[in-house]
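> Data: my_file-v4.cif, mmCIF, C-alpha atoms and all ligand atoms.
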data_target
loop_
_atom_site.group_PDB
_atom_site.id
_atom_site.type_symbol
_atom_site.label_atom_id
_atom_site.label_comp_id
_atom_site.auth_asym_id
_atom_site.auth_seq_id
_atom_site.Cartn_x
_atom_site.Cartn_y
_atom_site.Cartn_z
ATOM 1 C CA MET A 221 0.000 0.000 0.000
ATOM 2 C CA LYS A 222 1.322 3.412 -0.998
ATOM 3 C CA LEU A 223 0.115 5.476 1.977
ATOM 4 C CA GLU A 224 0.541 3.031 4.865
ATOM 5 C CA GLY A 225 0.630 4.922 8.187
ATOM 6 C CA LYS A 226 -0.019 8.316 6.592
ATOM 7 C CA VAL A 227 -2.672 10.855 7.613
ATOM 8 C CA ALA A 228 -4.434 12.807 4.879
ATOM 9 C CA LEU A 229 -6.779 15.789 5.126
ATOM 10 C CA ILE A 230 -9.113 16.226 2.171
ATOM 11 C CA THR A 231 -11.097 19.468 1.983
ATOM 12 C CA GLY A 232 -14.500 19.250 0.320
ATOM 13 C CA GLY A 233 -14.092 15.517 0.840
ATOM 14 C CA ALA A 234 -17.732 14.655 1.476
ATOM 15 C CA ARG A 235 -18.699 14.059 -2.140
ATOM 16 C CA GLY A 236 -17.563 14.222 -5.752
ATOM 17 C CA ILE A 237 -13.844 14.237 -6.499
ATOM 18 C CA GLY A 238 -12.901 14.800 -2.826
ATOM 19 C CA ARG A 239 -14.805 11.701 -1.709
ATOM 20 C CA GLU A 240 -13.096 9.628 -4.389
ATOM 21 C CA ILE A 241 -9.671 10.874 -3.248
ATOM 22 C CA ALA A 242 -10.545 10.068 0.380
ATOM 23 C CA LEU A 243 -11.656 6.518 -0.461
ATOM 24 C CA LEU A 244 -8.660 5.840 -2.728
ATOM 25 C CA PHE A 245 -6.211 7.108 -0.092
ATOM 26 C CA ALA A 246 -7.927 5.038 2.618
ATOM 27 C CA GLY A 247 -7.652 1.972 0.374
ATOM 28 C CA GLU A 248 -3.912 2.693 0.166
ATOM 29 C CA GLY A 249 -3.598 2.637 3.960
ATOM 30 C CA ALA A 250 -4.070 6.284 5.015
ATOM 31 C CA ASP A 251 -6.178 7.550 7.912
ATOM 32 C CA ILE A 252 -8.426 10.319 6.655
ATOM 33 C CA ALA A 253 -9.802 13.643 7.888
ATOM 34 C CA ILE A 254 -12.589 15.127 5.828
ATOM 35 C CA CYS A 255 -13.595 18.737 6.038
ATOM 36 C CA ASP A 256 -16.736 19.986 4.360
ATOM 37 C CA VAL A 257 -19.594 22.410 4.861
ATOM 38 C CA ASN A 258 -21.996 19.494 4.440
ATOM 39 C CA LYS A 259 -21.912 17.827 7.871
ATOM 40 C CA GLU A 260 -24.169 14.828 7.182
ATOM 41 C CA VAL A 261 -22.574 13.846 3.868
ATOM 42 C CA ALA A 262 -19.068 14.261 5.357
ATOM 43 C CA ALA A 263 -20.022 11.947 8.233
ATOM 44 C CA ALA A 264 -21.408 9.373 5.767
ATOM 45 C CA THR A 265 -18.144 9.409 3.777
ATOM 46 C CA ALA A 266 -16.176 9.016 7.027
ATOM 47 C CA LYS A 267 -18.257 5.893 7.758
ATOM 48 C CA GLU A 268 -17.342 4.483 4.317
ATOM 49 C CA ILE A 269 -13.663 5.018 5.163
ATOM 50 C CA GLU A 270 -14.016 3.252 8.509
ATOM 51 C CA ALA A 271 -15.619 0.341 6.661
ATOM 52 C CA LEU A 272 -12.314 0.060 4.759
ATOM 53 C CA GLY A 273 -10.568 -0.465 8.090
ATOM 54 C CA ARG A 274 -9.036 3.011 8.421
ATOM 55 C CA ARG A 275 -9.568 5.716 11.039
ATOM 56 C CA ALA A 276 -11.644 8.685 9.883
ATOM 57 C CA LEU A 277 -12.636 12.085 11.254
ATOM 58 C CA SER A 278 -15.200 14.377 9.682
ATOM 59 C CA PHE A 279 -15.457 18.119 10.305
ATOM 60 C CA GLU A 280 -18.085 20.702 9.519
ATOM 61 C CA THR A 281 -15.482 23.301 8.603
ATOM 62 C CA ASP A 282 -15.745 26.197 6.200
ATOM 63 C CA VAL A 283 -12.353 26.583 4.535
ATOM 64 C CA THR A 284 -12.898 30.342 4.169
ATOM 65 C CA VAL A 285 -12.699 30.838 7.954
ATOM 66 C CA PHE A 286 -9.107 30.569 9.219
ATOM 67 C CA LYS A 287 -10.106 30.097 12.872
ATOM 68 C CA GLN A 288 -12.272 27.075 11.986
ATOM 69 C CA VAL A 289 -9.451 25.634 9.870
ATOM 70 C CA GLU A 290 -6.905 26.067 12.682
ATOM 71 C CA GLU A 291 -9.207 24.425 15.246
ATOM 72 C CA MET A 292 -9.746 21.497 12.880
ATOM 73 C CA MET A 293 -5.981 21.025 12.364
ATOM 74 C CA ASN A 294 -5.455 20.944 16.147
ATOM 75 C CA ILE A 295 -8.110 18.244 16.591
ATOM 76 C CA ILE A 296 -6.605 16.164 13.748
ATOM 77 C CA LEU A 297 -3.183 16.509 15.350
ATOM 78 C CA ASP A 298 -4.516 15.526 18.802
ATOM 79 C CA ASN A 299 -6.148 12.407 17.351
ATOM 80 C CA PHE A 300 -3.760 11.285 14.620
ATOM 81 C CA LYS A 301 -0.472 12.892 15.888
ATOM 82 C CA HIS A 302 0.680 14.021 12.412
ATOM 83 C CA ILE A 303 -0.672 15.398 9.128
ATOM 84 C CA ASP A 304 1.242 14.085 6.123
ATOM 85 C CA ILE A 305 -0.962 15.002 3.182
ATOM 86 C CA LEU A 306 -3.240 17.961 2.490
ATOM 87 C CA VAL A 307 -5.483 17.895 -0.567
ATOM 88 C CA ASN A 308 -7.086 21.293 -1.133
ATOM 89 C CA ASN A 309 -10.115 20.155 -3.100
ATOM 90 C CA ALA A 310 -13.053 22.278 -1.848
ATOM 91 C CA GLY A 311 -14.298 24.464 -4.666
ATOM 92 C CA ILE A 312 -17.427 26.086 -6.041
ATOM 93 C CA THR A 313 -18.668 27.771 -9.204
ATOM 94 C CA ARG A 314 -20.908 30.852 -9.583
ATOM 95 C CA ASP A 315 -20.864 31.279 -13.366
ATOM 96 C CA ASN A 316 -21.946 34.363 -15.280
ATOM 97 C CA LEU A 317 -20.675 36.648 -18.012
ATOM 98 C CA LEU A 318 -18.474 39.415 -16.646
ATOM 99 C CA LEU A 319 -21.003 42.231 -17.064
ATOM 100 C CA ARG A 320 -23.650 40.187 -15.234
ATOM 101 C CA MET A 321 -21.346 38.818 -12.556
ATOM 102 C CA SER A 322 -22.153 40.229 -9.127
ATOM 103 C CA GLU A 323 -19.458 41.370 -6.739
ATOM 104 C CA GLU A 324 -20.849 38.801 -4.295
ATOM 105 C CA ASP A 325 -20.322 35.921 -6.773
ATOM 106 C CA TRP A 326 -16.780 37.122 -7.491
ATOM 107 C CA ASP A 327 -15.962 37.337 -3.774
ATOM 108 C CA LYS A 328 -17.572 33.997 -2.866
ATOM 109 C CA VAL A 329 -15.681 32.000 -5.520
ATOM 110 C CA LEU A 330 -12.359 33.649 -4.692
ATOM 111 C CA ALA A 331 -13.003 33.096 -0.965
ATOM 112 C CA VAL A 332 -13.706 29.354 -1.202
ATOM 113 C CA ASN A 333 -11.403 28.410 -4.076
ATOM 114 C CA LEU A 334 -8.365 30.588 -3.354
ATOM 115 C CA LYS A 335 -8.505 31.943 0.203
ATOM 116 C CA GLY A 336 -9.606 28.482 1.345
ATOM 117 C CA VAL A 337 -6.424 27.039 -0.160
ATOM 118 C CA PHE A 338 -4.357 29.740 1.561
ATOM 119 C CA ASN A 339 -6.035 29.086 4.937
ATOM 120 C CA CYS A 340 -5.622 25.312 4.868
ATOM 121 C CA THR A 341 -2.099 25.410 3.446
ATOM 122 C CA LYS A 342 -0.957 27.941 6.028
ATOM 123 C CA ALA A 343 -2.371 25.938 8.936
ATOM 124 C CA ALA A 344 -1.125 22.553 7.645
ATOM 125 C CA SER A 345 2.315 23.733 6.571
ATOM 126 C CA ARG A 346 3.047 24.940 10.109
ATOM 127 C CA ILE A 347 2.643 21.301 11.191
ATOM 128 C CA MET A 348 4.478 19.864 8.160
ATOM 129 C CA ILE A 349 7.432 22.218 8.679
ATOM 130 C CA LYS A 350 7.847 20.854 12.227
ATOM 131 C CA GLN A 351 7.584 17.296 10.875
ATOM 132 C CA ARG A 352 10.056 18.174 8.081
ATOM 133 C CA SER A 353 7.906 16.306 5.604
ATOM 134 C CA GLY A 354 4.594 16.688 3.819
ATOM 135 C CA LYS A 355 2.689 16.582 0.562
ATOM 136 C CA ILE A 356 0.326 19.324 -0.559
ATOM 137 C CA VAL A 357 -1.925 18.780 -3.575
ATOM 138 C CA ASN A 358 -4.087 21.639 -4.792
ATOM 139 C CA ILE A 359 -7.012 20.967 -7.103
ATOM 140 C CA ALA A 360 -6.968 23.631 -9.806
ATOM 141 C CA SER A 361 -8.707 23.298 -13.199
ATOM 142 C CA ILE A 362 -7.852 23.561 -16.875
ATOM 143 C CA ILE A 363 -10.056 26.675 -16.761
ATOM 144 C CA GLY A 364 -7.276 28.232 -14.680
ATOM 145 C CA ILE A 365 -4.930 27.642 -17.628
ATOM 146 C CA MET A 366 -7.223 28.247 -20.631
ATOM 147 C CA GLY A 367 -9.809 30.677 -19.238
ATOM 148 C CA ASN A 368 -13.506 30.282 -20.101
ATOM 149 C CA ALA A 369 -16.241 32.729 -21.048
ATOM 150 C CA GLY A 370 -18.694 32.942 -18.150
ATOM 151 C CA GLN A 371 -16.172 31.790 -15.561
ATOM 152 C CA ALA A 372 -13.908 34.806 -14.942
ATOM 153 C CA ASN A 373 -14.166 34.370 -11.161
ATOM 154 C CA TYR A 374 -13.531 30.605 -11.276
ATOM 155 C CA ALA A 375 -10.666 30.951 -13.806
ATOM 156 C CA ALA A 376 -8.998 33.651 -11.692
ATOM 157 C CA SER A 377 -9.257 31.471 -8.581
ATOM 158 C CA LYS A 378 -7.863 28.371 -10.310
ATOM 159 C CA GLY A 379 -5.078 30.278 -12.099
ATOM 160 C CA GLY A 380 -4.269 31.765 -8.689
ATOM 161 C CA ILE A 381 -4.002 28.263 -7.222
ATOM 162 C CA ILE A 382 -1.409 27.280 -9.850
ATOM 163 C CA SER A 383 0.855 30.260 -9.115
ATOM 164 C CA PHE A 384 0.255 29.944 -5.353
ATOM 165 C CA THR A 385 1.398 26.314 -5.637
ATOM 166 C CA LYS A 386 4.656 27.312 -7.353
ATOM 167 C CA SER A 387 5.377 29.922 -4.665
ATOM 168 C CA ILE A 388 4.778 27.623 -1.704
ATOM 169 C CA ALA A 389 6.703 24.827 -3.451
ATOM 170 C CA ARG A 390 9.724 27.149 -3.450
ATOM 171 C CA GLU A 391 9.137 28.202 0.188
ATOM 172 C CA LEU A 392 8.634 24.714 1.600
ATOM 173 C CA ALA A 393 11.074 22.639 -0.463
ATOM 174 C CA SER A 394 13.910 22.961 2.063
ATOM 175 C CA ARG A 395 11.683 21.223 4.660
ATOM 176 C CA SER A 396 11.029 18.242 2.347
ATOM 177 C CA ILE A 397 7.492 19.362 1.597
ATOM 178 C CA ASN A 398 6.247 18.897 -1.977
ATOM 179 C CA ALA A 399 3.477 21.118 -3.306
ATOM 180 C CA ASN A 400 1.829 20.385 -6.638
ATOM 181 C CA ALA A 401 -1.452 21.019 -8.411
ATOM 182 C CA VAL A 402 -3.837 18.868 -10.415
ATOM 183 C CA ALA A 403 -5.848 20.549 -13.160
ATOM 184 C CA PRO A 404 -8.872 18.430 -14.094
ATOM 185 C CA GLY A 405 -10.803 18.929 -17.278
ATOM 186 C CA PHE A 406 -14.445 17.894 -17.516
ATOM 187 C CA ILE A 407 -15.148 15.400 -14.724
ATOM 188 C CA GLN A 408 -18.580 13.889 -14.098
ATOM 189 C CA THR A 409 -19.734 15.192 -10.681
ATOM 190 C CA ALA A 410 -22.584 17.247 -9.215
ATOM 191 C CA MET A 411 -20.638 20.370 -10.260
ATOM 192 C CA THR A 412 -20.775 19.430 -13.951
ATOM 193 C CA ASP A 413 -24.279 17.891 -13.761
ATOM 194 C CA LYS A 414 -25.480 21.513 -13.825
ATOM 195 C CA LEU A 415 -24.353 21.864 -17.470
ATOM 196 C CA THR A 416 -26.924 21.485 -20.276
ATOM 197 C CA PRO A 417 -26.752 18.458 -22.650
ATOM 198 C CA GLU A 418 -25.656 20.864 -25.419
ATOM 199 C CA GLN A 419 -22.770 22.199 -23.286
ATOM 200 C CA LYS A 420 -21.741 18.627 -22.446
ATOM 201 C CA SER A 421 -21.702 17.403 -26.059
ATOM 202 C CA ALA A 422 -19.765 20.536 -27.149
ATOM 203 C CA MET A 423 -17.123 19.700 -24.535
ATOM 204 C CA LEU A 424 -16.975 16.030 -25.547
ATOM 205 C CA ALA A 425 -16.241 17.052 -29.137
ATOM 206 C CA ASN A 426 -13.023 18.689 -27.859
ATOM 207 C CA ILE A 427 -11.745 15.741 -25.803
ATOM 208 C CA PRO A 428 -9.247 13.611 -27.811
ATOM 209 C CA LEU A 429 -9.699 10.591 -25.501
ATOM 210 C CA ASN A 430 -13.415 10.847 -26.366
ATOM 211 C CA ARG A 431 -14.892 10.435 -22.903
ATOM 212 C CA LEU A 432 -15.664 12.572 -19.905
ATOM 213 C CA GLY A 433 -13.403 12.151 -16.913
ATOM 214 C CA VAL A 434 -14.482 10.355 -13.751
ATOM 215 C CA PRO A 435 -13.446 11.305 -10.197
ATOM 216 C CA LEU A 436 -11.035 8.342 -10.044
ATOM 217 C CA ASP A 437 -9.005 9.844 -12.939
ATOM 218 C CA VAL A 438 -8.297 12.861 -10.714
ATOM 219 C CA ALA A 439 -7.849 10.809 -7.541
ATOM 220 C CA ASN A 440 -5.166 8.674 -9.226
ATOM 221 C CA ALA A 441 -3.111 11.790 -10.053
ATOM 222 C CA CYS A 442 -3.530 12.987 -6.458
ATOM 223 C CA LEU A 443 -2.326 9.604 -5.179
ATOM 224 C CA PHE A 444 0.813 9.821 -7.317
ATOM 225 C CA LEU A 445 1.540 13.331 -5.998
ATOM 226 C CA SER A 446 0.935 12.201 -2.399
ATOM 227 C CA CYS A 447 3.151 9.111 -2.327
ATOM 228 C CA PRO A 448 6.941 8.642 -2.407
ATOM 229 C CA ASP A 449 6.894 7.940 -6.183
ATOM 230 C CA SER A 450 6.676 11.720 -6.800
ATOM 231 C CA GLY A 451 9.404 12.658 -4.311
ATOM 232 C CA TYR A 452 11.413 14.692 -6.850
ATOM 233 C CA ILE A 453 8.406 16.610 -8.249
ATOM 234 C CA THR A 454 7.350 19.972 -6.825
ATOM 235 C CA GLY A 455 5.661 23.151 -8.066
ATOM 236 C CA GLN A 456 4.088 21.314 -11.013
ATOM 237 C CA THR A 457 0.572 21.068 -12.394
ATOM 238 C CA ILE A 458 -0.616 17.721 -13.761
ATOM 239 C CA VAL A 459 -3.413 18.198 -16.276
ATOM 240 C CA VAL A 460 -6.072 15.431 -16.168
ATOM 241 C CA ASP A 461 -8.356 16.321 -19.064
ATOM 242 C CA GLY A 462 -8.272 13.575 -21.722
ATOM 243 C CA GLY A 463 -6.117 15.851 -23.868
ATOM 244 C CA MET A 464 -8.718 18.640 -24.010
ATOM 245 C CA SER A 465 -6.390 21.575 -23.321
ATOM 246 C CA MET A 466 -3.240 20.537 -25.186
HETATM 247 P P1 LIG A 501 -18.555 19.083 -5.714
HETATM 248 O O1 LIG A 501 -19.422 20.313 -5.694
HETATM 249 O O2 LIG A 501 -19.160 17.780 -6.107
HETATM 250 O O3 LIG A 501 -17.849 18.897 -4.294
HETATM 251 C C1 LIG A 501 -17.217 19.963 -3.653
HETATM 252 C C2 LIG A 501 -17.336 19.770 -2.162
HETATM 253 O O4 LIG A 501 -16.752 20.922 -1.514
HETATM 254 C C3 LIG A 501 -18.795 19.691 -1.708
HETATM 255 O O5 LIG A 501 -18.961 18.666 -0.760
HETATM 256 C C4 LIG A 501 -19.005 21.060 -1.091
HETATM 257 O O6 LIG A 501 -20.019 21.107 -0.112
HETATM 258 C C5 LIG A 501 -17.637 21.348 -0.502
HETATM 259 N N1 LIG A 501 -17.472 22.767 -0.176
HETATM 260 C C6 LIG A 501 -18.011 23.840 -0.819
HETATM 261 N N2 LIG A 501 -17.673 24.978 -0.193
HETATM 262 C C7 LIG A 501 -16.899 24.623 0.874
HETATM 263 C C8 LIG A 501 -16.284 25.357 1.930
HETATM 264 N N3 LIG A 501 -16.373 26.686 2.001
HETATM 265 N N4 LIG A 501 -15.572 24.675 2.871
HETATM 266 C C9 LIG A 501 -15.494 23.317 2.821
HETATM 267 N N5 LIG A 501 -16.073 22.583 1.871
HETATM 268 C C10 LIG A 501 -16.777 23.215 0.894
HETATM 269 O O7 LIG A 501 -17.334 19.453 -6.670
HETATM 270 P P2 LIG A 501 -16.360 18.503 -7.516
HETATM 271 O O8 LIG A 501 -16.103 17.248 -6.792
HETATM 272 O O9 LIG A 501 -16.821 18.476 -8.909
HETATM 273 O O10 LIG A 501 -15.046 19.412 -7.516
HETATM 274 C C11 LIG A 501 -13.987 19.240 -6.570
HETATM 275 C C12 LIG A 501 -12.850 20.166 -6.977
HETATM 276 O O11 LIG A 501 -12.434 19.868 -8.305
HETATM 277 C C13 LIG A 501 -13.234 21.646 -6.968
HETATM 278 O O12 LIG A 501 -12.151 22.417 -6.497
HETATM 279 C C14 LIG A 501 -13.478 21.932 -8.433
HETATM 280 O O13 LIG A 501 -13.290 23.295 -8.736
HETATM 281 C C15 LIG A 501 -12.442 21.050 -9.081
HETATM 282 N N6 LIG A 501 -12.723 20.737 -10.464
HETATM 283 C C16 LIG A 501 -13.840 20.018 -10.804
HETATM 284 C C17 LIG A 501 -14.078 19.737 -12.146
HETATM 285 C C18 LIG A 501 -15.259 18.960 -12.573
HETATM 286 O O14 LIG A 501 -15.413 18.792 -13.797
HETATM 287 N N7 LIG A 501 -16.090 18.447 -11.690
HETATM 288 C C19 LIG A 501 -13.164 20.192 -13.200
HETATM 289 C C20 LIG A 501 -12.039 20.926 -12.723
HETATM 290 C C21 LIG A 501 -11.828 21.170 -11.395
HETATM 291 P P3 LIG A 501 -21.572 21.342 -0.603
HETATM 292 O O15 LIG A 501 -21.982 20.029 -1.169
HETATM 293 O O16 LIG A 501 -22.331 21.689 0.611
HETATM 294 O O17 LIG A 501 -21.505 22.470 -1.602
#
Could I get this structure in the form of structure tokens?

Amino acid sequence: MKLEGKVALITGGARGIGREIALLFAGEGADIAICDVNKEVAAATAKEIEALGRRALSFETDVTVFKQVEEMMNIILDNFKHIDILVNNAGITRDNLLLRMSEEDWDKVLAVNLKGVFNCTKAASRIMIKQRSGKIVNIASIIGIMGNAGQANYAASKGGIISFTKSIARELASRSINANAVAPGFIQTAMTDKLTPEQKSAMLANIPLNRLGVPLDVANACLFLSCPDSGYITGQTIVVDGGMSM
């Protein structure tokens, strides 16, 4: 098993891609902490992890609130004694064309997707620096590389994650902490279920591998970046999009 004895915190881990990452990591031997705003679903995912024979904690924590994030980290540390892996996965969309985009929708997306990553990384890296080891994986998006009409807020947040990742990779490298990003393309989850059939078939036409992604495609890249196999990789972004953005 690739993560035997490790402790991983997955933000937004209750459902979708985050849940898949949590279950894959648990199957590879890691104990898991899940943080999400959806208390009941987070608790249900934690139960699934326990059924795999691993320890699990679930938290009703909003990643935009630093105090909540810090309290959560302290409880994880008290229970599990170390935090080896942080996957910053929590993210939202509030799509609209620029002229129709409200200030509130801009602020909300930047708060969850970018400030949330800052909050969790800051709190976890304090612990990882003391441990002199750690793996940080930030879930960006190909929209953060390509841009997309109607997603200026989301694209700015995800592009910000990619450059944030490079900066912290440089800061934390001397403490044996790797920081990388994963940029998924079109993955089948509740987030993309909101798209119309026309939008979905237009996207499919641009995917060379000719299928939509599934959460496990993203989770597998996260596993690689969280295990010793990727020890000499830091500050990078792995694109998981079926070739869509090349
Ligand atoms: P989902 O909406 O299915 O899951 C996201 C989870 O994050 C939900 O459980 C959600 O809770 C939780 N969440 C939302 N806000 C917060 C918050 N403030 N604090 C803690 N948790 C929060 O999304 P996906 O699984 O599709 O996406 C996961 C990540 O992957 C996101 O960062 C997304 O941007 C990225 N991504 C997804 C793609 C896709 O095609 N699906 C493509 C590219 C990137 P609740 O259910 O209550 O909202």
> Let me see if you get this right: every residue at most 8 Å from ligand LIG 501 (chain A), counting only C-alpha atoms and all ligand atoms, written as an NGL selection string.
:A and (231-239 or 255-258 or 261-262 or 280-284 or 308-313 or 331-333 or 336 or 359-363 or 374 or 378 or 403-412 or 433 or 435)
> Nearest to Leu318 of chain A among A:Leu443, A:Ala369, A:Leu243, A:Val227, with distances taken over all atoms listed in the file: which residue is it?
A:Ala369
> Check which residues satisfy the PyMOL selection byres (((chain A and resi 366) around 10) and not hetatm) in the file shown, then give them as a PyMOL selection string.
chain A and resi 361-365+367-368+375+379+465-466
> When the PyMOL selection byres (((chain A and resi 275) around 10) and not hetatm) is applied to the structure above, which residues does it catch, written out as a list in words?
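With the shown file as input, the PyMOL selection byres (((chain A and resi 275) around 10) and not hetatm) matches Val227, Ala246, Gly249, Ala250, Asp251, Ile252, Ala253, Ala266, Lys267, Ile269, Glu270, Ala271, Leu272, Gly273, Arg274, Ala276, Leu277, Asn299 and Phe300 of chain A.
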> May I ask for the distance between atom CA of Ile230 of chain A and atom CA of Ile305 of chain A, given in Å to one decimal place?
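One can read the atom CA of Ile230 of chain A to atom CA of Ile305 of chain A distance as 8.3 Å.
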> Do you know which residues are at most 12 Å from Ala393 of chain A counting only C-alpha atoms, after dropping those on the same chain fewer than 2 positions away, and could you put them as a list in words?
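Using only C-alpha atoms, the neighbours found are Ser345, Met348, Ile349, Arg352, Ser353, Gly354, Lys355, Ile356, Thr385, Lys386, Ser387, Ile388, Ala389, Arg390, Glu391, Arg395, Ser396, Ile397, Asn398, Ala399, Asn400, Gly451, Tyr452, Ile453, Thr454 and Gly455 of chain A.
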> If I take atom CA of Cys447 of chain A and atom CA of Asn358 of chain A, how far is one from the other in Å, to one decimal?
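Between atom CA of Cys447 of chain A and atom CA of Asn358 of chain A the gap is 14.7 Å.
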> Find the residue from A:Cys340, A:Ala425, A:Asp461, A:Leu392 that sits nearest to Glu290 of chain A; use all atoms listed in the file when measuring.
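Answer, going by the shortest atom-to-atom distance: A:Cys340.
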